[in-house]
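Listing of protein.pdb; format and content: PDB, C-alpha atoms and all ligand atoms.
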```pdb
ATOM      1  CA  MET A 194     152.963 -50.491 -64.243
ATOM      2  CA  ILE A 195     155.522 -47.640 -64.295
ATOM      3  CA  ASP A 196     156.354 -46.261 -67.738
ATOM      4  CA  THR A 197     160.163 -45.953 -67.565
ATOM      5  CA  THR A 198     160.343 -44.189 -70.949
ATOM      6  CA  LEU A 199     158.851 -41.098 -69.270
ATOM      7  CA  SER A 200     161.851 -40.676 -66.997
ATOM      8  CA  ARG A 201     164.607 -41.899 -69.312
ATOM      9  CA  PRO A 202     167.170 -39.147 -69.985
ATOM     10  CA  SER A 203     167.943 -38.485 -73.654
ATOM     11  CA  ALA A 204     171.121 -39.875 -75.174
ATOM     12  CA  ARG A 205     172.405 -36.290 -75.415
ATOM     13  CA  ALA A 206     171.736 -35.719 -71.692
ATOM     14  CA  ARG A 207     173.653 -38.906 -70.864
ATOM     15  CA  LEU A 208     176.635 -37.874 -72.984
ATOM     16  CA  LYS A 209     176.623 -34.369 -71.570
ATOM     17  CA  ARG A 210     176.575 -35.736 -68.025
ATOM     18  CA  ALA A 211     179.372 -38.200 -68.804
ATOM     19  CA  THR A 212     181.613 -35.465 -70.242
ATOM     20  CA  ASP A 213     180.701 -32.282 -68.341
ATOM     21  CA  VAL A 214     183.763 -32.411 -66.089
ATOM     22  CA  VAL A 215     186.253 -32.903 -68.895
ATOM     23  CA  HIS A 216     184.522 -30.229 -71.020
ATOM     24  CA  GLN A 217     184.846 -27.703 -68.186
ATOM     25  CA  ARG A 218     188.464 -28.666 -67.589
ATOM     26  CA  LEU A 219     189.254 -28.427 -71.301
ATOM     27  CA  GLU A 220     187.627 -24.990 -71.525
ATOM     28  CA  THR A 221     189.789 -23.771 -68.657
ATOM     29  CA  ARG A 222     193.029 -25.395 -69.771
ATOM     30  CA  ILE A 223     192.765 -24.460 -73.420
ATOM     31  CA  ASP A 224     192.264 -20.741 -72.704
ATOM     32  CA  ALA A 225     191.079 -20.453 -76.309
ATOM     33  CA  ILE A 226     189.987 -16.836 -76.435
ATOM     34  CA  ALA A 227     193.247 -15.438 -75.048
ATOM     35  CA  ARG A 228     195.386 -17.694 -77.246
ATOM     36  CA  LEU A 229     193.427 -17.084 -80.421
ATOM     37  CA  ALA A 230     193.330 -13.332 -79.809
ATOM     38  CA  ASP A 231     197.136 -13.239 -79.634
ATOM     39  CA  PRO A 232     198.670 -13.355 -83.148
ATOM     40  CA  ALA A 233     201.851 -14.861 -81.720
ATOM     41  CA  ARG A 234     200.000 -17.840 -80.183
ATOM     42  CA  ARG A 235     197.093 -18.224 -82.618
ATOM     43  CA  GLY A 236     198.883 -20.378 -85.192
ATOM     44  CA  ASP A 237     199.866 -23.024 -82.646
ATOM     45  CA  LEU A 238     196.292 -23.510 -81.406
ATOM     46  CA  VAL A 239     194.861 -23.509 -84.955
ATOM     47  CA  ARG A 240     197.350 -26.284 -85.841
ATOM     48  CA  ARG A 241     196.258 -28.233 -82.778
ATOM     49  CA  PHE A 242     192.618 -27.980 -83.875
ATOM     50  CA  ALA A 243     193.685 -29.206 -87.327
ATOM     51  CA  CYS A 244     195.365 -32.202 -85.666
ATOM     52  CA  LEU A 245     192.122 -32.917 -83.804
ATOM     53  CA  GLN A 246     189.652 -32.440 -86.646
ATOM     54  CA  LEU A 247     191.350 -33.500 -89.873
ATOM     55  CA  PRO A 248     192.042 -37.172 -89.041
ATOM     56  CA  ALA A 249     188.539 -37.735 -87.593
ATOM     57  CA  GLY A 250     186.832 -38.622 -90.885
ATOM     58  CA  ALA A 251     189.235 -41.469 -91.654
ATOM     59  CA  ALA A 252     188.632 -42.908 -88.181
ATOM     60  CA  LEU A 253     184.849 -42.471 -87.988
ATOM     61  CA  ASN A 254     183.379 -42.696 -91.464
ATOM     62  CA  GLY A 255     183.852 -46.469 -91.732
ATOM     63  CA  GLU A 256     181.366 -46.913 -88.874
ATOM     64  CA  LEU A 257     179.229 -43.875 -89.634
ATOM     65  CA  GLY A 258     179.204 -43.511 -93.429
ATOM     66  CA  ALA A 259     176.048 -45.610 -93.869
ATOM     67  CA  VAL A 260     174.072 -44.204 -90.931
ATOM     68  CA  GLU A 261     170.843 -42.832 -92.348
ATOM     69  CA  GLY A 262     170.314 -39.089 -92.061
ATOM     70  CA  LEU A 263     173.748 -38.417 -90.558
ATOM     71  CA  ASP A 264     175.775 -37.117 -93.490
ATOM     72  CA  ALA A 265     178.941 -38.193 -91.680
ATOM     73  CA  GLY A 266     181.279 -37.539 -94.610
ATOM     74  CA  ALA A 267     180.235 -33.881 -94.835
ATOM     75  CA  ARG A 268     180.277 -33.441 -91.048
ATOM     76  CA  THR A 269     183.841 -34.677 -90.728
ATOM     77  CA  ASP A 270     185.196 -32.949 -93.841
ATOM     78  CA  ARG A 271     187.031 -29.922 -92.431
ATOM     79  CA  ALA A 272     189.925 -29.879 -94.934
ATOM     80  CA  ARG A 273     188.806 -26.570 -96.482
ATOM     81  CA  PHE A 274     189.476 -24.756 -93.197
ATOM     82  CA  PHE A 275     193.121 -25.693 -92.759
ATOM     83  CA  ALA A 276     196.366 -25.440 -94.687
ATOM     84  CA  PRO A 277     197.297 -28.628 -96.583
ATOM     85  CA  GLY A 278     199.280 -30.968 -94.336
ATOM     86  CA  ALA A 279     198.335 -29.030 -91.194
ATOM     87  CA  ALA A 280     197.523 -32.206 -89.265
ATOM     88  CA  GLY A 281     200.951 -33.778 -89.885
ATOM     89  CA  GLN A 282     200.951 -37.389 -88.658
ATOM     90  CA  ALA A 283     198.173 -36.893 -86.095
ATOM     91  CA  ASP A 284     195.716 -39.749 -85.640
ATOM     92  CA  PHE A 285     192.233 -40.050 -84.154
ATOM     93  CA  PRO A 286     191.071 -42.887 -81.857
ATOM     94  CA  ARG A 287     189.457 -45.816 -83.724
ATOM     95  CA  PRO A 288     185.962 -46.679 -82.497
ATOM     96  CA  ALA A 289     185.060 -50.340 -82.009
ATOM     97  CA  SER A 290     181.379 -49.877 -82.850
ATOM     98  CA  ARG A 291     178.898 -47.550 -84.520
ATOM     99  CA  CYS A 292     177.685 -46.271 -81.150
ATOM    100  CA  GLU A 293     181.191 -45.575 -79.898
ATOM    101  CA  ALA A 294     181.763 -43.632 -83.149
ATOM    102  CA  LEU A 295     178.548 -41.646 -82.546
ATOM    103  CA  GLY A 296     179.804 -40.732 -79.075
ATOM    104  CA  MET A 297     183.025 -39.489 -80.635
ATOM    105  CA  LEU A 298     181.148 -37.487 -83.257
ATOM    106  CA  TYR A 299     179.054 -35.922 -80.459
ATOM    107  CA  VAL A 300     182.270 -34.318 -79.189
ATOM    108  CA  LEU A 301     183.242 -32.918 -82.591
ATOM    109  CA  GLU A 302     179.735 -31.715 -83.421
ATOM    110  CA  GLY A 303     179.297 -30.165 -79.966
ATOM    111  CA  SER A 304     182.512 -28.230 -80.422
ATOM    112  CA  THR A 305     180.767 -26.249 -83.200
ATOM    113  CA  LEU A 306     178.455 -24.807 -80.510
ATOM    114  CA  GLY A 307     181.328 -23.630 -78.334
ATOM    115  CA  GLY A 308     183.218 -22.552 -81.445
ATOM    116  CA  ARG A 309     180.559 -19.990 -82.302
ATOM    117  CA  HIS A 310     180.750 -18.553 -78.786
ATOM    118  CA  ILE A 311     184.526 -18.257 -79.084
ATOM    119  CA  LEU A 312     184.310 -16.624 -82.497
ATOM    120  CA  ASN A 313     181.721 -14.107 -81.249
ATOM    121  CA  SER A 314     183.898 -13.219 -78.248
ATOM    122  CA  LEU A 315     186.888 -12.715 -80.521
ATOM    123  CA  ALA A 316     184.841 -10.568 -82.918
ATOM    124  CA  ARG A 317     183.783  -8.357 -79.980
ATOM    125  CA  GLN A 318     187.520  -7.807 -79.318
ATOM    126  CA  GLY A 319     188.021  -6.847 -82.956
ATOM    127  CA  VAL A 320     189.823 -10.096 -83.829
ATOM    128  CA  SER A 321     189.020 -11.343 -87.303
ATOM    129  CA  ASP A 322     191.109 -13.887 -89.207
ATOM    130  CA  ALA A 323     190.021 -16.344 -91.922
ATOM    131  CA  ALA A 324     192.211 -18.949 -90.197
ATOM    132  CA  LEU A 325     189.543 -19.043 -87.452
ATOM    133  CA  ASN A 326     186.669 -20.029 -89.757
ATOM    134  CA  PHE A 327     187.021 -23.665 -88.633
ATOM    135  CA  LEU A 328     185.389 -22.595 -85.348
ATOM    136  CA  ASP A 329     182.065 -22.091 -87.142
ATOM    137  CA  PRO A 330     181.894 -24.649 -89.945
ATOM    138  CA  TYR A 331     178.107 -24.552 -90.344
ATOM    139  CA  GLY A 332     177.223 -20.854 -89.867
ATOM    140  CA  ASP A 333     173.452 -20.360 -89.631
ATOM    141  CA  GLN A 334     172.971 -24.097 -90.126
ATOM    142  CA  THR A 335     174.611 -24.855 -86.760
ATOM    143  CA  GLY A 336     171.333 -25.261 -84.870
ATOM    144  CA  PRO A 337     169.559 -27.409 -87.509
ATOM    145  CA  ARG A 338     172.625 -29.631 -87.982
ATOM    146  CA  TRP A 339     173.054 -30.086 -84.230
ATOM    147  CA  ARG A 340     169.378 -31.060 -83.837
ATOM    148  CA  ALA A 341     169.609 -33.437 -86.814
ATOM    149  CA  PHE A 342     172.647 -35.061 -85.204
ATOM    150  CA  LEU A 343     170.835 -35.402 -81.879
ATOM    151  CA  ASP A 344     167.877 -37.078 -83.640
ATOM    152  CA  VAL A 345     170.196 -39.680 -85.174
ATOM    153  CA  LEU A 346     171.995 -40.158 -81.847
ATOM    154  CA  GLU A 347     168.716 -40.765 -80.048
ATOM    155  CA  ARG A 348     167.454 -43.164 -82.709
ATOM    156  CA  GLU A 349     170.693 -45.194 -82.761
ATOM    157  CA  VAL A 350     171.560 -45.416 -79.055
ATOM    158  CA  GLY A 351     168.720 -44.020 -76.950
ATOM    159  CA  GLU A 352     166.768 -47.161 -76.165
ATOM    160  CA  ASP A 353     169.553 -49.576 -75.351
ATOM    161  CA  GLU A 354     171.868 -49.466 -72.334
ATOM    162  CA  THR A 355     174.694 -51.384 -74.023
ATOM    163  CA  ARG A 356     174.690 -48.967 -76.950
ATOM    164  CA  MET A 357     174.460 -46.024 -74.581
ATOM    165  CA  THR A 358     177.516 -47.247 -72.688
ATOM    166  CA  GLN A 359     179.446 -47.579 -75.948
ATOM    167  CA  ALA A 360     178.479 -44.013 -76.912
ATOM    168  CA  GLU A 361     179.549 -42.720 -73.485
ATOM    169  CA  GLN A 362     182.887 -44.485 -73.847
ATOM    170  CA  GLY A 363     183.328 -42.933 -77.291
ATOM    171  CA  ALA A 364     182.541 -39.435 -76.039
ATOM    172  CA  CYS A 365     184.930 -39.799 -73.086
ATOM    173  CA  ARG A 366     187.696 -41.191 -75.317
ATOM    174  CA  ALA A 367     187.253 -38.378 -77.840
ATOM    175  CA  PHE A 368     187.293 -35.716 -75.132
ATOM    176  CA  ARG A 369     190.468 -37.179 -73.592
ATOM    177  CA  HIS A 370     192.039 -37.232 -77.051
ATOM    178  CA  ALA A 371     190.949 -33.618 -77.674
ATOM    179  CA  GLU A 372     192.473 -32.569 -74.366
ATOM    180  CA  THR A 373     195.775 -34.264 -75.173
ATOM    181  CA  ILE A 374     195.973 -32.702 -78.637
ATOM    182  CA  LEU A 375     194.755 -29.226 -77.717
ATOM    183  CA  CYS A 376     196.512 -28.867 -74.366
ATOM    184  CA  GLY A 377     199.647 -30.852 -75.155
ATOM    185  CA  GLU A 378     199.225 -33.483 -72.460
ATOM    186  CA  PRO A 379     196.450 -35.240 -70.515
ATOM    187  CA  ALA A 380     195.288 -33.608 -67.244
TER     188      ALA A 380
HETATM  189  C1  LIG A 401     187.441 -22.585 -74.819
HETATM  190  C2  LIG A 401     186.901 -23.579 -75.440
HETATM  191  C3  LIG A 401     185.433 -23.898 -75.384
HETATM  192  C4  LIG A 401     184.388 -23.147 -74.948
HETATM  193  C5  LIG A 401     184.407 -21.728 -74.408
HETATM  194  C6  LIG A 401     183.209 -23.955 -75.105
HETATM  195  C7  LIG A 401     181.946 -23.535 -74.798
HETATM  196  C8  LIG A 401     180.814 -24.255 -75.029
HETATM  197  C9  LIG A 401     179.467 -23.768 -74.863
HETATM  198  C10 LIG A 401     179.133 -22.353 -74.406
HETATM  199  C11 LIG A 401     178.634 -24.769 -75.197
HETATM  200  C12 LIG A 401     177.109 -24.726 -75.162
HETATM  201  C13 LIG A 401     176.681 -24.077 -76.456
HETATM  202  C14 LIG A 401     175.197 -23.939 -76.616
HETATM  203  O1  LIG A 401     174.440 -24.738 -76.022
HETATM  204  O2  LIG A 401     174.807 -23.050 -77.381
HETATM  205  C15 LIG A 401     179.433 -25.902 -75.568
HETATM  206  C16 LIG A 401     178.937 -27.113 -75.930
HETATM  207  C17 LIG A 401     179.725 -28.189 -76.253
HETATM  208  N1  LIG A 401     181.088 -28.186 -76.431
HETATM  209 FE1  LIG A 401     182.321 -26.719 -75.946
HETATM  210  N2  LIG A 401     183.568 -25.151 -75.611
HETATM  211  C18 LIG A 401     184.904 -25.140 -75.806
HETATM  212  C19 LIG A 401     185.678 -26.112 -76.341
HETATM  213  C20 LIG A 401     185.196 -27.338 -76.725
HETATM  214  C21 LIG A 401     185.979 -28.361 -77.329
HETATM  215  C22 LIG A 401     187.464 -28.208 -77.684
HETATM  216  C23 LIG A 401     185.177 -29.429 -77.505
HETATM  217  C24 LIG A 401     185.477 -30.757 -78.089
HETATM  218  C25 LIG A 401     186.522 -31.029 -78.830
HETATM  219  C26 LIG A 401     183.854 -29.053 -77.027
HETATM  220  C27 LIG A 401     182.758 -29.871 -77.038
HETATM  221  C28 LIG A 401     181.488 -29.462 -76.731
HETATM  222  C29 LIG A 401     180.320 -30.329 -76.749
HETATM  223  C30 LIG A 401     180.301 -31.833 -77.041
HETATM  224  C31 LIG A 401     179.216 -29.532 -76.459
HETATM  225  C32 LIG A 401     177.757 -29.976 -76.407
HETATM  226  C33 LIG A 401     177.313 -30.227 -74.963
HETATM  227  C34 LIG A 401     175.815 -30.511 -74.924
HETATM  228  O3  LIG A 401     175.425 -31.667 -75.153
HETATM  229  O4  LIG A 401     175.085 -29.569 -74.685
HETATM  230  N3  LIG A 401     183.908 -27.779 -76.564
HETATM  231  N4  LIG A 401     180.764 -25.567 -75.468
END
```

Could you quickly redo this structure as structure tokens?
Ligand code: HEM
Amino acid sequence: MIDTTLSRPSARARLKRATDVVHQRLETRIDAIARLADPARRGDLVRRFACLQLPAGAALNGELGAVEGLDAGARTDRARFFAPGAAGQADFPRPASRCEALGMLYVLEGSTLGGRHILNSLARQGVSDAALNFLDPYGDQTGPRWRAFLDVLEREVGEDETRMTQAEQGACRAFRHAETILCGEPA
């Protein structure tokens, strides 16, 4: 008998594959380093990130608040990084299931990895501004928190194709939403 668990890709690998194209497109369209390096354009992009991140907790924590080992409330609490009211009336897509919500959180948590790269590039150009701290919410805990998230993701969705599909849909929805908010319109 063939042991299919040996060849099964991880939940993270599935989500990465499902969203690689939109991540690449977002990276190109957003042009984050140039915009954040320019004091005249920085504020607009920081506000767009606030509109993406601040409403996420209200949308996701209902599904994710009780997930063991996730610490969803702390992960989605980014209020300390932005000016009060910075998100205006922005909303975040509502997930229909726990696994869809985990797919959405994958997008927000993954953005902390890219965020550190952006912040390092800006620092190399001599750009330093406390308004950019949201790009690196976890500091030296980024790696451990990412791995802890991936463990929960794998435990909750990894074994089951229906759950995996829900997580993929959540990740794709969240990336499309991020693109609309950060770039101003869908591709
Ligand atoms: C210019 C903007 C961006 C750049 C340059 C960038 C760059 C990167 C890089 C280099 C990684 C891999 C980090 C590592 O493995 O250490 C990464 C991962 C990731 N980024 Fe971005 N990113 C950007 C914007 C975003 C945004 C806005 C989002 C979502 C809102 C996002 C979501 C993700 C996700 C989900 C991953 C994890 C992929 C995986 O499973 O490995 N990124 N990004």

Result set, the PyMOL selection byres (((not hetatm)) within 7 of (chain A and resi 401)) on current file, as a VMD selection string | chain A and resid 205 to 206 208 to 209 216 219 to 221 223 to 226 299 to 304 306 to 308 310 to 311 368 371

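Nearest to Asn326 of chain A of all the residues A:Ala272, A:Arg218, A:Ala364, A:Glu378 is A:Ala272, based on only C-alpha atoms.
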
Interatomic distance, atom CA of Phe327 of chain A to atom CA of Met357 of chain A (Å, one decimal) | 29.2 Å

Atom CA of Glu361 of chain A to atom CA of Ser290 of chain A, distance in Å rounded to a single decimal = 11.9 Å

Centre, edges in Å (one decimal): axis-aligned box, segment 318-329 of chain A, 6 Å padding on all six sides, as JSON:
```
{"center_x": 187.1, "center_y": -15.3, "center_z": -85.6, "size_x": 22.1, "size_y": 28.8, "size_z": 24.6}
```

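The nearest approach to Cys365 of chain A among the residues A:Ala249, A:Ala294, A:Leu315, A:Val239, with all atoms listed in the file taken into account, belongs to A:Ala294.
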
Your completed segment 264-275 of chain A with all heavy atoms, as a PDB file, in the frame of the given file:
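Now in rebuild.pdb:
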```pdb
ATOM      1  N   ASP A 264     174.916 -37.927 -92.642  1.00  0.00           N
ATOM      2  CA  ASP A 264     175.775 -37.117 -93.490  1.00  0.00           C
ATOM      3  C   ASP A 264     177.177 -37.019 -92.891  1.00  0.00           C
ATOM      4  O   ASP A 264     177.782 -35.939 -92.829  1.00  0.00           O
ATOM      5  CB  ASP A 264     175.138 -35.707 -93.610  1.00  0.00           C
ATOM      6  CG  ASP A 264     175.606 -34.950 -94.832  1.00  0.00           C
ATOM      7  OD1 ASP A 264     176.253 -35.569 -95.685  1.00  0.00           O
ATOM      8  OD2 ASP A 264     175.315 -33.741 -94.912  1.00  0.00           O
ATOM      9  N   ALA A 265     177.691 -38.182 -92.440  1.00  0.00           N
ATOM     10  CA  ALA A 265     178.941 -38.193 -91.680  1.00  0.00           C
ATOM     11  C   ALA A 265     180.113 -37.652 -92.496  1.00  0.00           C
ATOM     12  O   ALA A 265     180.966 -36.934 -91.956  1.00  0.00           O
ATOM     13  CB  ALA A 265     179.249 -39.609 -91.198  1.00  0.00           C
ATOM     14  N   GLY A 266     180.154 -37.986 -93.790  1.00  0.00           N
ATOM     15  CA  GLY A 266     181.279 -37.539 -94.610  1.00  0.00           C
ATOM     16  C   GLY A 266     181.377 -36.018 -94.635  1.00  0.00           C
ATOM     17  O   GLY A 266     182.456 -35.452 -94.457  1.00  0.00           O
ATOM     18  N   ALA A 267     180.229 -35.351 -94.801  1.00  0.00           N
ATOM     19  CA  ALA A 267     180.235 -33.881 -94.835  1.00  0.00           C
ATOM     20  C   ALA A 267     180.551 -33.320 -93.446  1.00  0.00           C
ATOM     21  O   ALA A 267     181.265 -32.319 -93.318  1.00  0.00           O
ATOM     22  CB  ALA A 267     178.885 -33.367 -95.316  1.00  0.00           C
ATOM     23  N   ARG A 268     180.032 -33.964 -92.403  1.00  0.00           N
ATOM     24  CA  ARG A 268     180.277 -33.441 -91.048  1.00  0.00           C
ATOM     25  C   ARG A 268     181.756 -33.498 -90.677  1.00  0.00           C
ATOM     26  O   ARG A 268     182.256 -32.621 -89.969  1.00  0.00           O
ATOM     27  CB  ARG A 268     179.462 -34.238 -90.020  1.00  0.00           C
ATOM     28  CG  ARG A 268     177.975 -33.929 -90.033  1.00  0.00           C
ATOM     29  CD  ARG A 268     177.254 -34.691 -88.916  1.00  0.00           C
ATOM     30  NE  ARG A 268     175.805 -34.593 -89.020  1.00  0.00           N
ATOM     31  CZ  ARG A 268     175.067 -33.607 -88.501  1.00  0.00           C
ATOM     32  NH1 ARG A 268     175.644 -32.629 -87.843  1.00  0.00           N
ATOM     33  NH2 ARG A 268     173.754 -33.605 -88.642  1.00  0.00           N
ATOM     34  N   THR A 269     182.444 -34.534 -91.140  1.00  0.00           N
ATOM     35  CA  THR A 269     183.841 -34.677 -90.728  1.00  0.00           C
ATOM     36  C   THR A 269     184.815 -34.065 -91.737  1.00  0.00           C
ATOM     37  O   THR A 269     186.017 -34.085 -91.498  1.00  0.00           O
ATOM     38  CB  THR A 269     184.197 -36.174 -90.538  1.00  0.00           C
ATOM     39  OG1 THR A 269     183.872 -36.873 -91.736  1.00  0.00           O
ATOM     40  CG2 THR A 269     183.446 -36.768 -89.354  1.00  0.00           C
ATOM     41  N   ASP A 270     184.300 -33.517 -92.836  1.00  0.00           N
ATOM     42  CA  ASP A 270     185.196 -32.949 -93.841  1.00  0.00           C
ATOM     43  C   ASP A 270     185.511 -31.486 -93.491  1.00  0.00           C
ATOM     44  O   ASP A 270     184.744 -30.588 -93.804  1.00  0.00           O
ATOM     45  CB  ASP A 270     184.550 -33.032 -95.231  1.00  0.00           C
ATOM     46  CG  ASP A 270     185.474 -32.436 -96.289  1.00  0.00           C
ATOM     47  OD1 ASP A 270     186.651 -32.137 -95.957  1.00  0.00           O
ATOM     48  OD2 ASP A 270     185.021 -32.252 -97.429  1.00  0.00           O
ATOM     49  N   ARG A 271     186.652 -31.283 -92.838  1.00  0.00           N
ATOM     50  CA  ARG A 271     187.031 -29.922 -92.431  1.00  0.00           C
ATOM     51  C   ARG A 271     188.276 -29.444 -93.183  1.00  0.00           C
ATOM     52  O   ARG A 271     188.882 -28.443 -92.797  1.00  0.00           O
ATOM     53  CB  ARG A 271     187.302 -29.883 -90.916  1.00  0.00           C
ATOM     54  CG  ARG A 271     186.139 -30.363 -90.046  1.00  0.00           C
ATOM     55  CD  ARG A 271     185.060 -29.295 -89.899  1.00  0.00           C
ATOM     56  NE  ARG A 271     183.864 -29.828 -89.265  1.00  0.00           N
ATOM     57  CZ  ARG A 271     183.669 -29.912 -87.953  1.00  0.00           C
ATOM     58  NH1 ARG A 271     184.599 -29.502 -87.135  1.00  0.00           N
ATOM     59  NH2 ARG A 271     182.540 -30.402 -87.467  1.00  0.00           N
ATOM     60  N   ALA A 272     188.654 -30.175 -94.260  1.00  0.00           N
ATOM     61  CA  ALA A 272     189.925 -29.879 -94.934  1.00  0.00           C
ATOM     62  C   ALA A 272     189.970 -28.450 -95.465  1.00  0.00           C
ATOM     63  O   ALA A 272     191.029 -27.826 -95.497  1.00  0.00           O
ATOM     64  CB  ALA A 272     190.150 -30.868 -96.070  1.00  0.00           C
ATOM     65  N   ARG A 273     188.792 -27.906 -95.872  1.00  0.00           N
ATOM     66  CA  ARG A 273     188.806 -26.570 -96.482  1.00  0.00           C
ATOM     67  C   ARG A 273     189.197 -25.473 -95.483  1.00  0.00           C
ATOM     68  O   ARG A 273     189.492 -24.355 -95.878  1.00  0.00           O
ATOM     69  CB  ARG A 273     187.437 -26.258 -97.087  1.00  0.00           C
ATOM     70  CG  ARG A 273     186.301 -26.171 -96.082  1.00  0.00           C
ATOM     71  CD  ARG A 273     184.935 -26.200 -96.783  1.00  0.00           C
ATOM     72  NE  ARG A 273     183.812 -26.182 -95.848  1.00  0.00           N
ATOM     73  CZ  ARG A 273     183.400 -27.227 -95.143  1.00  0.00           C
ATOM     74  NH1 ARG A 273     184.057 -28.382 -95.216  1.00  0.00           N
ATOM     75  NH2 ARG A 273     182.362 -27.142 -94.339  1.00  0.00           N
ATOM     76  N   PHE A 274     189.186 -25.790 -94.206  1.00  0.00           N
ATOM     77  CA  PHE A 274     189.476 -24.756 -93.197  1.00  0.00           C
ATOM     78  C   PHE A 274     190.954 -24.661 -92.820  1.00  0.00           C
ATOM     79  O   PHE A 274     191.337 -23.753 -92.102  1.00  0.00           O
ATOM     80  CB  PHE A 274     188.670 -25.031 -91.918  1.00  0.00           C
ATOM     81  CG  PHE A 274     187.185 -24.909 -92.130  1.00  0.00           C
ATOM     82  CD1 PHE A 274     186.368 -26.017 -92.006  1.00  0.00           C
ATOM     83  CD2 PHE A 274     186.614 -23.699 -92.465  1.00  0.00           C
ATOM     84  CE1 PHE A 274     185.000 -25.913 -92.206  1.00  0.00           C
ATOM     85  CE2 PHE A 274     185.252 -23.571 -92.666  1.00  0.00           C
ATOM     86  CZ  PHE A 274     184.436 -24.683 -92.542  1.00  0.00           C
ATOM     87  N   PHE A 275     191.741 -25.652 -93.234  1.00  0.00           N
ATOM     88  CA  PHE A 275     193.121 -25.693 -92.759  1.00  0.00           C
ATOM     89  C   PHE A 275     194.103 -25.768 -93.926  1.00  0.00           C
ATOM     90  O   PHE A 275     193.753 -26.224 -95.018  1.00  0.00           O
ATOM     91  CB  PHE A 275     193.320 -26.923 -91.844  1.00  0.00           C
ATOM     92  CG  PHE A 275     192.473 -26.904 -90.603  1.00  0.00           C
ATOM     93  CD1 PHE A 275     191.358 -27.729 -90.501  1.00  0.00           C
ATOM     94  CD2 PHE A 275     192.762 -26.047 -89.551  1.00  0.00           C
ATOM     95  CE1 PHE A 275     190.554 -27.723 -89.363  1.00  0.00           C
ATOM     96  CE2 PHE A 275     191.965 -26.028 -88.400  1.00  0.00           C
ATOM     97  CZ  PHE A 275     190.863 -26.867 -88.303  1.00  0.00           C
TER      98      PHE A 275
END
```
